[in-house]
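First the structure, in the form of C-alpha cells, and then the observations on it.
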Amino acid sequence: MNTTQRPPLPVDDHRPGTGPTLVFLHYWGRSARTWDLVVDRLVGRHVLTVDFRGWSRSSSLSGPSTLRRLADDTLAVIADASITDYVLVGHSMGGKVAQLIAATRPAGLRGLILVGSGPAKPATEITPEYREALSHAYDSDESVAGARDNILTAIELPESVKAQIAADSRSSADAARTEWPLRGIAEDITDHTRMISVPALVVAGEEDRVEPVDVLRDNLVPYLCGADFMVIPNTGHLIPLEAPADLVDAITSFVPVA
C-alpha cells in the first residue's frame, strides 16, 4: 500500500460558476483577499483565489517562495481543483508568476491578464540598493502603513481595507517576505514571456509608482505577442482595491462567459 503523503498545497478559495475559471494571483504583501472587491462583482463567474506559499493562510508552508515554486504551486492547486479551462489574472508579483506559468503552455490555459504586473524585464530602477530597502517595507506596522499610503495607492482606501492590507503584510513567513524584493523582482524572465502563446491583456494604473505605465509598456508588452494594453485613470498600484469596477469591466470584456 502506498502511504506517501502529498505535500500540502497553498490555501485557496474556489467558487463554482460559469467559465472559464478566473484564477487570481495576489501581489507581494497580500493574500487572496486582495481580490475580494473584484470577485464580489463577478457574480456567477467561476473563480479561484490563492494565498501564495508563505503568505496569510499559507504562511506555515515551508519555503523557498521563489517565483518558480509559486508557479508550480499554482498549477498544483488548479489540478487539485480539477480546473481544465481557465484564465490567469496576476497582480504585481502574481503577474510575474502568471507569466512563468503561461510560458509552460499548460493545457487548459486560455488567456492571461496582467494587472500592474512585475515586468518581464526588470526596470533600471531595480538596483541592489532599491531591493535592500524594499525588503524592509513590511518590517513593522509603521513601515506597512507608510508603503500602503504613500507608495502603493493614489487614492484613500476605506479603513477596513487598509486594516486588511496591514494584517496581510505582517502575516508572512520571513522567507516569503524577502524572496521577492531580494531576488524575484530582479529576475529577467523575457525568454519565458516570449514563449507565451495565449491572448494577453496588460492593465496599468495611471498613477502607479511601483510599476509605472511606461515600464509596463516598454518592459512587458513587447515580450507578449500581440497583447492588449490599457490604462485605468486615477489609480495607483493597488488596482484591484482602488478601481475594482473598472478592472471587472476589463476582465469581463477580455474573458466573456463561454
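Quick note on naming: the chains in the C-alpha cells go A, B, ... in the order shown, residues restart at 1 in each chain, and ligands are numbered from 1 in order of appearance.
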Exercise for review: Run DSSP on the backbone and grab whatever in range 33-242 of chain A lands in helix (DSSP H, G or I); send it over as an MDAnalysis selection string.
Suggested key: chainID A and resid 33:39 56:58 67:80 93:103 128:134 141:152 159:169 174:182 184:186 190:193 213:219 221:223 239:242
Restricting the output to C-alpha atoms, write the selected residues as an mmCIF file, in the first residue's frame.
data_model
loop_
_atom_site.group_PDB
_atom_site.id
_atom_site.type_symbol
_atom_site.label_atom_id
_atom_site.label_comp_id
_atom_site.auth_asym_id
_atom_site.auth_seq_id
_atom_site.Cartn_x
_atom_site.Cartn_y
_atom_site.Cartn_z
ATOM 1 C CA ARG A 33 -8.312 38.902 -0.015
ATOM 2 C CA THR A 34 -6.681 41.292 -2.495
ATOM 3 C CA TRP A 35 -9.362 40.230 -4.947
ATOM 4 C CA ASP A 36 -12.470 40.416 -2.725
ATOM 5 C CA LEU A 37 -13.832 43.636 -4.280
ATOM 6 C CA VAL A 38 -13.292 42.182 -7.756
ATOM 7 C CA VAL A 39 -14.694 38.717 -7.063
ATOM 8 C CA SER A 56 -1.520 34.646 5.144
ATOM 9 C CA ARG A 57 -3.257 31.242 5.497
ATOM 10 C CA SER A 58 -0.332 29.594 3.670
ATOM 11 C CA LEU A 67 8.696 32.611 -8.435
ATOM 12 C CA ARG A 68 9.024 29.149 -9.932
ATOM 13 C CA ARG A 69 7.868 27.491 -6.720
ATOM 14 C CA LEU A 70 4.822 29.762 -6.651
ATOM 15 C CA ALA A 71 4.137 28.888 -10.287
ATOM 16 C CA ASP A 72 4.387 25.167 -9.560
ATOM 17 C CA ASP A 73 2.135 25.585 -6.513
ATOM 18 C CA THR A 74 -0.478 27.369 -8.589
ATOM 19 C CA LEU A 75 -0.530 24.650 -11.225
ATOM 20 C CA ALA A 76 -0.903 22.054 -8.462
ATOM 21 C CA VAL A 77 -3.840 23.950 -6.928
ATOM 22 C CA ILE A 78 -5.507 24.226 -10.344
ATOM 23 C CA ALA A 79 -5.076 20.498 -10.928
ATOM 24 C CA ASP A 80 -6.341 19.676 -7.436
ATOM 25 C CA MET A 93 4.362 39.687 -8.206
ATOM 26 C CA GLY A 94 1.400 37.474 -9.092
ATOM 27 C CA GLY A 95 1.652 38.755 -12.650
ATOM 28 C CA LYS A 96 5.248 37.630 -12.912
ATOM 29 C CA VAL A 97 4.252 34.220 -11.553
ATOM 30 C CA ALA A 98 1.459 34.104 -14.133
ATOM 31 C CA GLN A 99 3.958 34.761 -16.934
ATOM 32 C CA LEU A 100 6.085 31.811 -15.823
ATOM 33 C CA ILE A 101 3.017 29.568 -15.723
ATOM 34 C CA ALA A 102 1.801 30.687 -19.143
ATOM 35 C CA ALA A 103 5.270 30.151 -20.622
ATOM 36 C CA PRO A 128 20.633 46.349 -5.270
ATOM 37 C CA GLU A 129 20.103 49.381 -3.038
ATOM 38 C CA TYR A 130 16.440 49.630 -4.029
ATOM 39 C CA ARG A 131 15.917 45.926 -3.409
ATOM 40 C CA GLU A 132 17.526 46.035 0.027
ATOM 41 C CA ALA A 133 15.336 48.966 1.070
ATOM 42 C CA LEU A 134 12.229 47.255 -0.317
ATOM 43 C CA ASP A 141 3.166 48.259 11.334
ATOM 44 C CA GLU A 142 4.529 51.755 10.693
ATOM 45 C CA SER A 143 6.502 50.748 7.603
ATOM 46 C CA VAL A 144 3.499 48.893 6.179
ATOM 47 C CA ALA A 145 1.290 51.939 6.655
ATOM 48 C CA GLY A 146 3.896 54.162 5.033
ATOM 49 C CA ALA A 147 4.214 51.924 1.978
ATOM 50 C CA ARG A 148 0.452 51.465 1.694
ATOM 51 C CA ASP A 149 -0.475 55.144 1.976
ATOM 52 C CA ASN A 150 2.469 56.830 0.260
ATOM 53 C CA ILE A 151 3.672 54.414 -2.411
ATOM 54 C CA LEU A 152 1.126 51.723 -3.241
ATOM 55 C CA GLU A 159 -10.309 51.880 6.797
ATOM 56 C CA SER A 160 -11.474 48.264 6.660
ATOM 57 C CA VAL A 161 -9.413 47.624 3.510
ATOM 58 C CA LYS A 162 -6.402 49.433 4.969
ATOM 59 C CA ALA A 163 -6.628 47.215 8.035
ATOM 60 C CA GLN A 164 -6.705 44.074 5.872
ATOM 61 C CA ILE A 165 -3.606 45.224 3.990
ATOM 62 C CA ALA A 166 -1.800 45.864 7.270
ATOM 63 C CA ALA A 167 -2.724 42.442 8.646
ATOM 64 C CA ASP A 168 -1.760 40.541 5.487
ATOM 65 C CA SER A 169 1.526 42.367 5.017
ATOM 66 C CA ASP A 174 10.382 35.544 6.709
ATOM 67 C CA ALA A 175 11.483 33.684 3.581
ATOM 68 C CA ALA A 176 8.419 34.829 1.637
ATOM 69 C CA ARG A 177 8.763 38.421 2.788
ATOM 70 C CA THR A 178 12.323 38.740 1.484
ATOM 71 C CA GLU A 179 12.299 36.467 -1.586
ATOM 72 C CA TRP A 180 10.527 38.892 -3.915
ATOM 73 C CA PRO A 181 12.456 42.107 -3.133
ATOM 74 C CA LEU A 182 15.872 40.488 -2.876
ATOM 75 C CA GLY A 184 12.271 37.719 -7.668
ATOM 76 C CA ILE A 185 11.801 41.371 -8.584
ATOM 77 C CA ALA A 186 15.199 41.387 -10.309
ATOM 78 C CA THR A 190 11.960 37.743 -21.002
ATOM 79 C CA ASP A 191 12.878 34.393 -22.549
ATOM 80 C CA HIS A 192 9.902 32.821 -20.761
ATOM 81 C CA THR A 193 7.450 35.616 -21.520
ATOM 82 C CA VAL A 213 2.793 52.856 -17.219
ATOM 83 C CA ASP A 214 5.999 53.406 -19.196
ATOM 84 C CA VAL A 215 7.719 50.427 -17.541
ATOM 85 C CA LEU A 216 4.869 48.089 -18.434
ATOM 86 C CA ARG A 217 4.712 49.498 -21.952
ATOM 87 C CA ASP A 218 8.468 49.123 -22.511
ATOM 88 C CA ASN A 219 9.469 46.150 -20.336
ATOM 89 C CA VAL A 221 4.195 44.463 -23.585
ATOM 90 C CA PRO A 222 6.942 43.991 -26.247
ATOM 91 C CA TYR A 223 7.626 40.464 -24.964
ATOM 92 C CA ILE A 239 -5.741 48.440 -8.888
ATOM 93 C CA PRO A 240 -7.915 45.576 -7.513
ATOM 94 C CA LEU A 241 -8.628 47.722 -4.442
ATOM 95 C CA GLU A 242 -8.613 51.219 -5.935
#
Exercise for review: Within range 170-230 of chain A, find each residue whose DSSP state, derived from the backbone, is strand (DSSP E or B), and express the selection as a PyMOL selection string.
Suggested key: chain A and resi 200-205+228-230
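Proximity to Asp139 in chain A was assessed for A:Ser117, A:Ser171, A:Thr127, A:Ser197 counting only C-alpha atoms; the smallest distance is recorded for A:Ser171.
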Study note, to complete from the structure: Using only C-alpha atoms, the residue out of A:Pro10, A:Gly111, A:Pro20, A:Gly29 with shortest distance to Arg53 in chain A is A:Pro10
Review point. So, counting only C-alpha atoms, which residue among A:Val210, A:Leu42, A:Arg30, A:Ser82 is closest to Arg170 in chain A?
Key: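 Result for the nearest residue to Arg170 in chain A: A:Arg30.
The spacing separating CA of Ala200 in chain A from CA of Arg110 in chain A amounts to 9.3 Å.
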Check your understanding: A:Asp188, A:Glu206, A:Asp40, A:Asp51: which is nearest Met230 in chain A, counting only C-alpha atoms?
Key ->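 Going through A:Asp188, A:Glu206, A:Asp40, A:Asp51 one by one, the smallest distance to Met230 in chain A is for A:Glu206.
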Review point. Any idea what the distance is between CA of Lys121 in chain A and CA of Thr153 in chain A?
Key: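 The value is 23.2 Å.
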